[in-house]
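Content type mmCIF, N, CA, C and O atoms, from the file entry10.cif:
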data_input
loop_
_atom_site.label_atom_id
_atom_site.label_comp_id
_atom_site.auth_asym_id
_atom_site.auth_seq_id
_atom_site.Cartn_x
_atom_site.Cartn_y
_atom_site.Cartn_z
N ALA A 22 20.56 -16.91 -40.35
CA ALA A 22 19.52 -16.22 -41.10
C ALA A 22 20.17 -15.25 -42.07
O ALA A 22 21.10 -14.54 -41.72
N ALA A 23 19.69 -15.26 -43.27
CA ALA A 23 20.24 -14.38 -44.30
C ALA A 23 19.78 -12.95 -44.06
O ALA A 23 18.66 -12.71 -43.61
N LEU A 24 20.67 -12.01 -44.36
CA LEU A 24 20.31 -10.60 -44.24
C LEU A 24 19.40 -10.21 -45.39
O LEU A 24 19.57 -10.67 -46.51
N PRO A 25 18.41 -9.37 -45.12
CA PRO A 25 17.60 -8.86 -46.24
C PRO A 25 18.50 -8.10 -47.21
O PRO A 25 19.47 -7.47 -46.81
N ARG A 26 18.20 -8.20 -48.45
CA ARG A 26 19.04 -7.61 -49.49
C ARG A 26 19.35 -6.12 -49.25
O ARG A 26 20.49 -5.72 -49.34
N PRO A 27 18.36 -5.27 -48.90
CA PRO A 27 18.70 -3.86 -48.72
C PRO A 27 19.76 -3.63 -47.63
O PRO A 27 20.66 -2.82 -47.82
N VAL A 28 19.67 -4.35 -46.51
CA VAL A 28 20.66 -4.17 -45.45
C VAL A 28 22.02 -4.65 -45.92
O VAL A 28 23.04 -4.00 -45.70
N PHE A 29 22.05 -5.78 -46.62
CA PHE A 29 23.30 -6.31 -47.15
C PHE A 29 23.94 -5.29 -48.10
O PHE A 29 25.14 -5.01 -48.01
N LEU A 30 23.13 -4.73 -49.00
CA LEU A 30 23.66 -3.73 -49.94
C LEU A 30 24.13 -2.48 -49.21
O LEU A 30 25.17 -1.90 -49.55
N GLN A 31 23.38 -2.06 -48.18
CA GLN A 31 23.80 -0.90 -47.40
C GLN A 31 25.14 -1.17 -46.72
O GLN A 31 26.01 -0.30 -46.68
N LYS A 32 25.32 -2.37 -46.20
CA LYS A 32 26.58 -2.71 -45.53
C LYS A 32 27.74 -2.71 -46.53
O LYS A 32 28.83 -2.26 -46.20
N ILE A 33 27.50 -3.19 -47.74
CA ILE A 33 28.55 -3.17 -48.77
C ILE A 33 28.92 -1.73 -49.12
O ILE A 33 30.11 -1.38 -49.22
N LEU A 34 27.92 -0.87 -49.28
CA LEU A 34 28.19 0.55 -49.60
C LEU A 34 28.95 1.22 -48.46
O LEU A 34 29.87 2.01 -48.71
N ILE A 35 28.58 0.93 -47.23
CA ILE A 35 29.28 1.50 -46.08
C ILE A 35 30.72 1.00 -46.06
O ILE A 35 31.65 1.78 -45.83
N LEU A 36 30.93 -0.29 -46.32
CA LEU A 36 32.28 -0.85 -46.37
C LEU A 36 33.13 -0.13 -47.41
O LEU A 36 34.26 0.27 -47.13
N LEU A 37 32.58 0.07 -48.60
CA LEU A 37 33.32 0.75 -49.66
C LEU A 37 33.64 2.19 -49.27
O LEU A 37 34.76 2.68 -49.48
N HIS A 38 32.67 2.90 -48.70
CA HIS A 38 32.87 4.30 -48.32
C HIS A 38 33.92 4.43 -47.22
O HIS A 38 34.84 5.25 -47.31
N VAL A 39 33.80 3.63 -46.16
CA VAL A 39 34.74 3.72 -45.04
C VAL A 39 36.14 3.32 -45.49
O VAL A 39 37.12 3.96 -45.12
N THR A 40 36.24 2.27 -46.31
CA THR A 40 37.55 1.84 -46.82
C THR A 40 38.19 2.94 -47.64
O THR A 40 39.39 3.23 -47.47
N ALA A 41 37.42 3.58 -48.50
CA ALA A 41 37.96 4.68 -49.31
C ALA A 41 38.44 5.83 -48.41
O ALA A 41 39.53 6.38 -48.63
N CYS A 42 37.66 6.16 -47.39
CA CYS A 42 38.05 7.24 -46.47
C CYS A 42 39.33 6.89 -45.73
O CYS A 42 40.21 7.75 -45.55
N VAL A 43 39.47 5.63 -45.30
CA VAL A 43 40.67 5.21 -44.57
C VAL A 43 41.89 5.25 -45.49
O VAL A 43 42.96 5.72 -45.09
N VAL A 44 41.74 4.79 -46.72
CA VAL A 44 42.86 4.80 -47.67
C VAL A 44 43.31 6.23 -47.96
O VAL A 44 44.50 6.54 -47.92
N VAL A 45 42.35 7.11 -48.20
CA VAL A 45 42.69 8.52 -48.46
C VAL A 45 43.32 9.14 -47.22
O VAL A 45 44.35 9.83 -47.30
N GLY A 46 42.73 8.91 -46.05
CA GLY A 46 43.26 9.47 -44.80
C GLY A 46 44.67 8.99 -44.52
O GLY A 46 45.55 9.78 -44.15
N LYS A 47 44.91 7.70 -44.68
CA LYS A 47 46.24 7.13 -44.43
C LYS A 47 47.26 7.71 -45.41
O LYS A 47 48.39 8.06 -45.02
N THR A 48 46.87 7.85 -46.66
CA THR A 48 47.75 8.43 -47.68
C THR A 48 48.10 9.87 -47.32
O THR A 48 49.27 10.27 -47.40
N LEU A 49 47.10 10.64 -46.91
CA LEU A 49 47.35 12.02 -46.51
C LEU A 49 48.24 12.10 -45.28
O LEU A 49 49.08 13.00 -45.17
N MET A 50 48.07 11.15 -44.34
CA MET A 50 48.93 11.14 -43.15
C MET A 50 50.39 10.89 -43.52
O MET A 50 51.30 11.43 -42.90
N ILE A 51 50.61 10.07 -44.54
CA ILE A 51 51.97 9.78 -44.99
C ILE A 51 52.55 10.97 -45.75
O ILE A 51 53.70 11.36 -45.52
N LEU A 52 51.76 11.55 -46.64
CA LEU A 52 52.25 12.66 -47.48
C LEU A 52 52.34 13.98 -46.74
O LEU A 52 53.24 14.78 -46.99
N PHE A 53 51.38 14.24 -45.86
CA PHE A 53 51.31 15.54 -45.17
C PHE A 53 51.09 15.32 -43.67
O PHE A 53 50.02 15.67 -43.12
N PRO A 54 52.08 14.77 -42.97
CA PRO A 54 51.88 14.43 -41.55
C PRO A 54 51.53 15.62 -40.67
O PRO A 54 50.68 15.51 -39.79
N ASN A 55 52.17 16.76 -40.88
CA ASN A 55 51.90 17.93 -40.03
C ASN A 55 50.49 18.48 -40.25
O ASN A 55 49.80 18.82 -39.29
N ALA A 56 50.08 18.56 -41.49
CA ALA A 56 48.74 19.07 -41.81
C ALA A 56 47.67 18.12 -41.25
O ALA A 56 46.67 18.57 -40.69
N MET A 57 47.90 16.83 -41.37
CA MET A 57 46.92 15.86 -40.85
C MET A 57 46.89 15.88 -39.32
O MET A 57 45.83 15.72 -38.73
N ARG A 58 48.04 16.10 -38.71
CA ARG A 58 48.07 16.22 -37.24
C ARG A 58 47.20 17.40 -36.80
O ARG A 58 46.38 17.27 -35.89
N ARG A 59 47.36 18.54 -37.49
CA ARG A 59 46.54 19.71 -37.15
C ARG A 59 45.05 19.42 -37.37
O ARG A 59 44.20 19.78 -36.56
N TYR A 60 44.74 18.74 -38.47
CA TYR A 60 43.34 18.41 -38.78
C TYR A 60 42.74 17.49 -37.71
O TYR A 60 41.64 17.73 -37.21
N ILE A 61 43.49 16.45 -37.34
CA ILE A 61 42.99 15.49 -36.34
C ILE A 61 42.83 16.18 -34.99
O ILE A 61 41.85 15.95 -34.27
N LEU A 62 43.78 17.04 -34.62
CA LEU A 62 43.67 17.78 -33.36
C LEU A 62 42.45 18.70 -33.39
O LEU A 62 41.77 18.87 -32.38
N LYS A 63 42.18 19.29 -34.53
CA LYS A 63 41.01 20.16 -34.68
C LYS A 63 39.73 19.33 -34.47
O LYS A 63 38.79 19.79 -33.83
N GLN A 64 39.71 18.12 -35.02
CA GLN A 64 38.56 17.24 -34.82
C GLN A 64 38.42 16.87 -33.34
O GLN A 64 37.31 16.77 -32.82
N GLY A 65 39.55 16.69 -32.66
CA GLY A 65 39.54 16.38 -31.23
C GLY A 65 38.96 17.51 -30.40
O GLY A 65 38.35 17.28 -29.36
N GLU A 66 39.15 18.75 -30.86
CA GLU A 66 38.57 19.91 -30.15
C GLU A 66 37.06 19.85 -30.17
O GLU A 66 36.40 20.20 -29.20
N ARG A 67 36.50 19.41 -31.30
CA ARG A 67 35.04 19.32 -31.40
C ARG A 67 34.47 18.38 -30.36
O ARG A 67 33.41 18.62 -29.80
N SER A 68 35.15 17.26 -30.15
CA SER A 68 34.65 16.28 -29.19
C SER A 68 35.16 16.57 -27.78
O SER A 68 34.87 15.82 -26.86
N ARG A 69 35.93 17.62 -27.63
CA ARG A 69 36.52 18.05 -26.36
C ARG A 69 37.51 17.02 -25.81
O ARG A 69 37.84 17.04 -24.65
N MET A 70 37.98 16.12 -26.68
CA MET A 70 38.94 15.10 -26.26
C MET A 70 40.26 15.75 -25.85
O MET A 70 40.94 15.27 -24.95
N ASN A 71 40.59 16.86 -26.48
CA ASN A 71 41.87 17.53 -26.20
C ASN A 71 41.90 18.13 -24.79
O ASN A 71 42.97 18.45 -24.29
N GLU A 72 40.75 18.28 -24.16
CA GLU A 72 40.70 18.88 -22.82
C GLU A 72 41.18 17.91 -21.74
O GLU A 72 41.48 18.32 -20.64
N ASN A 73 41.25 16.64 -22.07
CA ASN A 73 41.70 15.64 -21.10
C ASN A 73 43.23 15.55 -21.18
O ASN A 73 43.78 15.14 -22.20
N PRO A 74 43.95 15.92 -20.12
CA PRO A 74 45.41 15.92 -20.17
C PRO A 74 46.01 14.51 -20.33
O PRO A 74 47.16 14.38 -20.73
N LYS A 75 45.23 13.47 -20.05
CA LYS A 75 45.74 12.11 -20.21
C LYS A 75 45.78 11.68 -21.68
O LYS A 75 46.39 10.68 -22.00
N PHE A 76 45.09 12.41 -22.55
CA PHE A 76 45.09 12.10 -23.97
C PHE A 76 46.09 12.98 -24.68
O PHE A 76 45.89 14.19 -24.80
N SER A 77 47.15 12.41 -25.16
CA SER A 77 48.07 13.18 -25.98
C SER A 77 47.97 12.66 -27.40
O SER A 77 47.67 11.48 -27.61
N TYR A 78 48.22 13.50 -28.35
CA TYR A 78 48.10 13.12 -29.75
C TYR A 78 48.93 11.88 -30.06
O TYR A 78 48.51 11.01 -30.81
N GLU A 79 50.10 11.79 -29.46
CA GLU A 79 50.99 10.66 -29.73
C GLU A 79 50.36 9.32 -29.35
O GLU A 79 50.69 8.29 -29.91
N ASN A 80 49.43 9.34 -28.39
CA ASN A 80 48.77 8.11 -27.95
C ASN A 80 47.64 7.67 -28.87
O ASN A 80 47.40 6.48 -29.04
N TRP A 81 46.90 8.63 -29.42
CA TRP A 81 45.73 8.25 -30.21
C TRP A 81 45.76 8.71 -31.66
O TRP A 81 45.11 8.12 -32.50
N GLY A 82 46.50 9.76 -31.96
CA GLY A 82 46.54 10.29 -33.33
C GLY A 82 46.95 9.27 -34.38
O GLY A 82 46.29 9.13 -35.42
N PRO A 83 48.04 8.54 -34.14
CA PRO A 83 48.48 7.57 -35.16
C PRO A 83 47.50 6.42 -35.40
O PRO A 83 47.60 5.72 -36.39
N THR A 84 46.53 6.23 -34.49
CA THR A 84 45.56 5.15 -34.69
C THR A 84 44.51 5.51 -35.73
O THR A 84 43.82 4.63 -36.24
N PHE A 85 44.38 6.79 -36.05
CA PHE A 85 43.44 7.20 -37.09
C PHE A 85 43.84 6.56 -38.40
O PHE A 85 45.01 6.51 -38.75
N PHE A 86 42.87 6.06 -39.13
CA PHE A 86 43.06 5.47 -40.45
C PHE A 86 43.87 4.16 -40.40
O PHE A 86 44.41 3.75 -41.41
N SER A 87 43.91 3.50 -39.24
CA SER A 87 44.55 2.18 -39.14
C SER A 87 43.49 1.11 -39.44
O SER A 87 42.30 1.40 -39.58
N PHE A 88 43.93 -0.14 -39.50
CA PHE A 88 42.99 -1.24 -39.75
C PHE A 88 42.01 -1.36 -38.58
O PHE A 88 40.82 -1.59 -38.79
N LYS A 89 42.50 -1.19 -37.34
CA LYS A 89 41.60 -1.24 -36.17
C LYS A 89 40.56 -0.12 -36.24
O LYS A 89 39.41 -0.31 -35.88
N TYR A 90 41.00 1.06 -36.70
CA TYR A 90 40.10 2.20 -36.87
C TYR A 90 39.01 1.83 -37.88
O TYR A 90 37.82 2.07 -37.64
N LEU A 91 39.41 1.23 -39.00
CA LEU A 91 38.48 0.82 -40.04
C LEU A 91 37.44 -0.14 -39.46
O LEU A 91 36.23 0.04 -39.65
N LEU A 92 37.89 -1.16 -38.72
CA LEU A 92 36.97 -2.14 -38.15
C LEU A 92 36.02 -1.50 -37.14
O LEU A 92 34.83 -1.83 -37.11
N PHE A 93 36.53 -0.57 -36.32
CA PHE A 93 35.69 0.10 -35.33
C PHE A 93 34.60 0.93 -36.01
O PHE A 93 33.42 0.86 -35.66
N VAL A 94 34.99 1.72 -37.01
CA VAL A 94 34.01 2.57 -37.71
C VAL A 94 32.97 1.71 -38.41
O VAL A 94 31.77 2.02 -38.37
N LEU A 95 33.41 0.62 -39.03
CA LEU A 95 32.45 -0.28 -39.68
C LEU A 95 31.46 -0.84 -38.67
O LEU A 95 30.25 -0.88 -38.93
N LYS A 96 31.96 -1.29 -37.53
CA LYS A 96 31.10 -1.86 -36.50
C LYS A 96 30.04 -0.86 -36.06
O LYS A 96 28.86 -1.19 -35.95
N VAL A 97 30.46 0.38 -35.82
CA VAL A 97 29.52 1.41 -35.38
C VAL A 97 28.49 1.72 -36.46
O VAL A 97 27.29 1.76 -36.20
N LYS A 98 28.95 1.92 -37.68
CA LYS A 98 28.02 2.27 -38.76
C LYS A 98 27.07 1.13 -39.09
O LYS A 98 25.89 1.35 -39.35
N TRP A 99 27.57 -0.10 -39.08
CA TRP A 99 26.70 -1.24 -39.35
C TRP A 99 25.68 -1.42 -38.23
O TRP A 99 24.54 -1.77 -38.47
N LYS A 100 26.10 -1.18 -36.99
CA LYS A 100 25.18 -1.31 -35.86
C LYS A 100 24.06 -0.27 -35.98
O LYS A 100 22.91 -0.55 -35.65
N ARG A 101 24.39 0.91 -36.45
CA ARG A 101 23.36 1.95 -36.61
C ARG A 101 22.28 1.54 -37.60
O ARG A 101 21.14 1.96 -37.48
N LEU A 102 22.64 0.72 -38.58
CA LEU A 102 21.63 0.24 -39.54
C LEU A 102 20.55 -0.55 -38.81
O LEU A 102 19.38 -0.49 -39.16
N GLU A 103 20.97 -1.32 -37.80
CA GLU A 103 20.02 -2.15 -37.05
C GLU A 103 19.17 -1.32 -36.11
O GLU A 103 18.14 -1.78 -35.65
N ASP A 104 19.59 -0.11 -35.80
CA ASP A 104 18.88 0.73 -34.84
C ASP A 104 17.89 1.69 -35.50
O ASP A 104 17.28 2.50 -34.83
N GLU A 105 17.74 1.60 -36.81
CA GLU A 105 16.82 2.50 -37.50
C GLU A 105 15.38 2.06 -37.26
O GLU A 105 15.07 0.88 -37.24
N ALA A 106 14.52 3.04 -37.06
CA ALA A 106 13.09 2.77 -36.88
C ALA A 106 12.35 3.31 -38.09
O ALA A 106 12.66 4.39 -38.59
N HIS A 107 11.38 2.54 -38.55
CA HIS A 107 10.58 2.94 -39.71
C HIS A 107 9.11 2.83 -39.35
O HIS A 107 8.68 1.85 -38.73
N GLU A 108 8.35 3.84 -39.74
CA GLU A 108 6.92 3.88 -39.44
C GLU A 108 6.22 2.64 -39.98
O GLU A 108 6.47 2.21 -41.11
N GLY A 109 5.41 2.04 -39.12
CA GLY A 109 4.66 0.86 -39.52
C GLY A 109 5.41 -0.44 -39.33
O GLY A 109 4.88 -1.51 -39.60
N HIS A 110 6.65 -0.38 -38.87
CA HIS A 110 7.46 -1.57 -38.64
C HIS A 110 7.84 -1.64 -37.16
O HIS A 110 7.83 -0.62 -36.46
N PRO A 111 8.17 -2.82 -36.66
CA PRO A 111 8.55 -2.94 -35.24
C PRO A 111 9.77 -2.06 -34.91
O PRO A 111 10.67 -1.90 -35.73
N ALA A 112 9.74 -1.53 -33.70
CA ALA A 112 10.88 -0.71 -33.24
C ALA A 112 12.06 -1.62 -32.93
O ALA A 112 11.87 -2.76 -32.49
N PRO A 113 13.28 -1.15 -33.13
CA PRO A 113 14.45 -1.96 -32.78
C PRO A 113 14.62 -2.04 -31.26
O PRO A 113 14.28 -1.10 -30.55
N ASN A 114 15.12 -3.14 -30.79
CA ASN A 114 15.37 -3.33 -29.36
C ASN A 114 16.82 -2.92 -29.08
O ASN A 114 17.68 -3.73 -28.76
N THR A 115 17.06 -1.64 -29.19
CA THR A 115 18.40 -1.06 -29.10
C THR A 115 19.03 -1.26 -27.72
O THR A 115 18.36 -1.04 -26.71
N PRO A 116 20.30 -1.66 -27.67
CA PRO A 116 20.97 -1.75 -26.36
C PRO A 116 21.24 -0.37 -25.79
O PRO A 116 21.53 0.58 -26.53
N VAL A 117 21.10 -0.25 -24.48
CA VAL A 117 21.39 1.00 -23.77
C VAL A 117 22.20 0.65 -22.53
O VAL A 117 22.20 -0.49 -22.07
N VAL A 118 22.89 1.62 -21.98
CA VAL A 118 23.70 1.40 -20.78
C VAL A 118 23.09 2.23 -19.65
O VAL A 118 22.86 3.42 -19.80
N THR A 119 22.83 1.58 -18.51
CA THR A 119 22.26 2.28 -17.36
C THR A 119 23.35 3.10 -16.67
O THR A 119 24.53 2.95 -16.98
N PHE A 120 22.94 3.92 -15.71
CA PHE A 120 23.90 4.72 -14.96
C PHE A 120 24.88 3.85 -14.18
O PHE A 120 25.96 4.26 -13.82
N ASN A 121 24.47 2.61 -13.89
CA ASN A 121 25.33 1.67 -13.17
C ASN A 121 26.29 0.94 -14.10
O ASN A 121 27.05 0.10 -13.66
N GLY A 122 26.19 1.21 -15.41
CA GLY A 122 27.07 0.56 -16.37
C GLY A 122 26.53 -0.77 -16.88
O GLY A 122 27.21 -1.48 -17.61
N GLU A 123 25.30 -1.09 -16.51
CA GLU A 123 24.68 -2.35 -16.93
C GLU A 123 24.11 -2.19 -18.35
O GLU A 123 23.45 -1.21 -18.65
N VAL A 124 24.36 -3.16 -19.22
CA VAL A 124 23.82 -3.12 -20.57
C VAL A 124 22.43 -3.76 -20.56
O VAL A 124 22.26 -4.90 -20.11
N ARG A 125 21.45 -2.99 -21.00
CA ARG A 125 20.06 -3.46 -21.07
C ARG A 125 19.56 -3.16 -22.48
O ARG A 125 20.30 -2.64 -23.31
N HIS A 126 18.31 -3.45 -22.75
CA HIS A 126 17.69 -3.15 -24.03
C HIS A 126 16.43 -2.32 -23.80
O HIS A 126 15.82 -2.40 -22.72
N LEU A 127 16.04 -1.55 -24.79
CA LEU A 127 14.88 -0.66 -24.64
C LEU A 127 13.65 -1.42 -24.18
O LEU A 127 12.90 -0.95 -23.31
N PHE A 128 13.43 -2.61 -24.74
CA PHE A 128 12.22 -3.35 -24.40
C PHE A 128 12.21 -3.76 -22.93
O PHE A 128 11.15 -4.05 -22.38
N ASP A 129 13.36 -3.79 -22.27
CA ASP A 129 13.43 -4.11 -20.84
C ASP A 129 12.68 -3.07 -20.00
O ASP A 129 12.27 -3.35 -18.87
N PHE A 130 12.55 -1.85 -20.52
CA PHE A 130 11.95 -0.76 -19.76
C PHE A 130 10.49 -0.52 -20.10
O PHE A 130 9.87 0.36 -19.55
N MET A 131 9.95 -1.31 -21.03
CA MET A 131 8.56 -1.11 -21.45
C MET A 131 7.61 -1.74 -20.45
O MET A 131 7.85 -2.83 -19.95
N GLN A 132 6.53 -1.02 -20.15
CA GLN A 132 5.49 -1.52 -19.25
C GLN A 132 4.36 -2.05 -20.10
O GLN A 132 3.88 -1.35 -20.98
N GLY A 133 3.92 -3.27 -19.92
CA GLY A 133 2.76 -3.83 -20.64
C GLY A 133 2.66 -3.37 -22.09
O GLY A 133 3.13 -2.33 -22.45
N GLN A 134 2.02 -4.10 -22.90
CA GLN A 134 1.95 -3.72 -24.31
C GLN A 134 0.56 -3.49 -24.75
O GLN A 134 -0.39 -4.00 -24.47
#

Rendering of file as structure tokens:
Amino acid sequence: AALPRPVFLQKILILLHVTACVVVGKTLMILFPNAMRRYILKQGERSRMNENPKFSYENWGPTFFSFKYLLFVLKVKWKRLEDEAHEGHPAPNTPVVTFNGEVRHLFDFMQGQ
């Protein structure tokens, strides 16, 4: 099935934006490695990732702005496009994870319609 034009165009714009960010980030990591290390560590503080002693910068810092990073960010951002709800249109059947780790969908929890 073909994607509706607006979603396709949104995906292209997201691709261009994320690619530009990765190219700039990678360039800055090469030119200013110490400054970028401080910046990435500062970002890690926001997510409290730095509080986990098993995570050291050497393990995850260099993965920022890599090709795998680019693909991961694209996947997340593109998936969010599918999860948008608009008034007057059907709600998305967004995947959710139960406390047991089971992947279900929102419609699985709906009672009668």

Exercise. For the file shown, what are the residues hit by the PyMOL selection byres ((chain A and resi 33-44) around 8), laid out as a list in words?
Worked result: Arg26, Pro27, Val28, Phe29, Leu30, Gln31, Lys32, Val45, Gly46, Lys47, Thr48, Leu49, Met50, Ile51, Phe85, Phe86, Ser87, Tyr90, Leu91, Val94, Leu95, Lys98 and Trp99 of chain A

Would you mind exporting N, CA, C and O atoms of the selected residues as a compact mmCIF listing (two decimals), in the coordinates of the input?
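In the end it all went to selection_27.txt:
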# COMPACT_ATOMS: atom_id res chain seq x y z
N ARG A 26 18.20 -8.20 -48.45
CA ARG A 26 19.04 -7.61 -49.49
C ARG A 26 19.35 -6.12 -49.25
O ARG A 26 20.49 -5.72 -49.34
N PRO A 27 18.36 -5.27 -48.90
CA PRO A 27 18.70 -3.86 -48.72
C PRO A 27 19.76 -3.63 -47.63
O PRO A 27 20.66 -2.82 -47.82
N VAL A 28 19.67 -4.35 -46.51
CA VAL A 28 20.66 -4.17 -45.45
C VAL A 28 22.02 -4.65 -45.92
O VAL A 28 23.04 -4.00 -45.70
N PHE A 29 22.05 -5.78 -46.62
CA PHE A 29 23.30 -6.31 -47.15
C PHE A 29 23.94 -5.29 -48.10
O PHE A 29 25.14 -5.01 -48.01
N LEU A 30 23.13 -4.73 -49.00
CA LEU A 30 23.66 -3.73 -49.94
C LEU A 30 24.13 -2.48 -49.21
O LEU A 30 25.17 -1.90 -49.55
N GLN A 31 23.38 -2.06 -48.18
CA GLN A 31 23.80 -0.90 -47.40
C GLN A 31 25.14 -1.17 -46.72
O GLN A 31 26.01 -0.30 -46.68
N LYS A 32 25.32 -2.37 -46.20
CA LYS A 32 26.58 -2.71 -45.53
C LYS A 32 27.74 -2.71 -46.53
O LYS A 32 28.83 -2.26 -46.20
N VAL A 45 42.35 7.11 -48.20
CA VAL A 45 42.69 8.52 -48.46
C VAL A 45 43.32 9.14 -47.22
O VAL A 45 44.35 9.83 -47.30
N GLY A 46 42.73 8.91 -46.05
CA GLY A 46 43.26 9.47 -44.80
C GLY A 46 44.67 8.99 -44.52
O GLY A 46 45.55 9.78 -44.15
N LYS A 47 44.91 7.70 -44.68
CA LYS A 47 46.24 7.13 -44.43
C LYS A 47 47.26 7.71 -45.41
O LYS A 47 48.39 8.06 -45.02
N THR A 48 46.87 7.85 -46.66
CA THR A 48 47.75 8.43 -47.68
C THR A 48 48.10 9.87 -47.32
O THR A 48 49.27 10.27 -47.40
N LEU A 49 47.10 10.64 -46.91
CA LEU A 49 47.35 12.02 -46.51
C LEU A 49 48.24 12.10 -45.28
O LEU A 49 49.08 13.00 -45.17
N MET A 50 48.07 11.15 -44.34
CA MET A 50 48.93 11.14 -43.15
C MET A 50 50.39 10.89 -43.52
O MET A 50 51.30 11.43 -42.90
N ILE A 51 50.61 10.07 -44.54
CA ILE A 51 51.97 9.78 -44.99
C ILE A 51 52.55 10.97 -45.75
O ILE A 51 53.70 11.36 -45.52
N PHE A 85 44.38 6.79 -36.05
CA PHE A 85 43.44 7.20 -37.09
C PHE A 85 43.84 6.56 -38.40
O PHE A 85 45.01 6.51 -38.75
N PHE A 86 42.87 6.06 -39.13
CA PHE A 86 43.06 5.47 -40.45
C PHE A 86 43.87 4.16 -40.40
O PHE A 86 44.41 3.75 -41.41
N SER A 87 43.91 3.50 -39.24
CA SER A 87 44.55 2.18 -39.14
C SER A 87 43.49 1.11 -39.44
O SER A 87 42.30 1.40 -39.58
N TYR A 90 41.00 1.06 -36.70
CA TYR A 90 40.10 2.20 -36.87
C TYR A 90 39.01 1.83 -37.88
O TYR A 90 37.82 2.07 -37.64
N LEU A 91 39.41 1.23 -39.00
CA LEU A 91 38.48 0.82 -40.04
C LEU A 91 37.44 -0.14 -39.46
O LEU A 91 36.23 0.04 -39.65
N VAL A 94 34.99 1.72 -37.01
CA VAL A 94 34.01 2.57 -37.71
C VAL A 94 32.97 1.71 -38.41
O VAL A 94 31.77 2.02 -38.37
N LEU A 95 33.41 0.62 -39.03
CA LEU A 95 32.45 -0.28 -39.68
C LEU A 95 31.46 -0.84 -38.67
O LEU A 95 30.25 -0.88 -38.93
N LYS A 98 28.95 1.92 -37.68
CA LYS A 98 28.02 2.27 -38.76
C LYS A 98 27.07 1.13 -39.09
O LYS A 98 25.89 1.35 -39.35
N TRP A 99 27.57 -0.10 -39.08
CA TRP A 99 26.70 -1.24 -39.35
C TRP A 99 25.68 -1.42 -38.23
O TRP A 99 24.54 -1.77 -38.47

Exercise. Interatomic distance between CA of Phe93 (chain A) and CA of Phe130 (chain A)?
Worked result: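 Those two atoms sit 28.4 Å apart.
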
Problem set entry | DSSP strand (DSSP E) residues within chain A, as a ChimeraX atom specification | /A:116-118,124-126
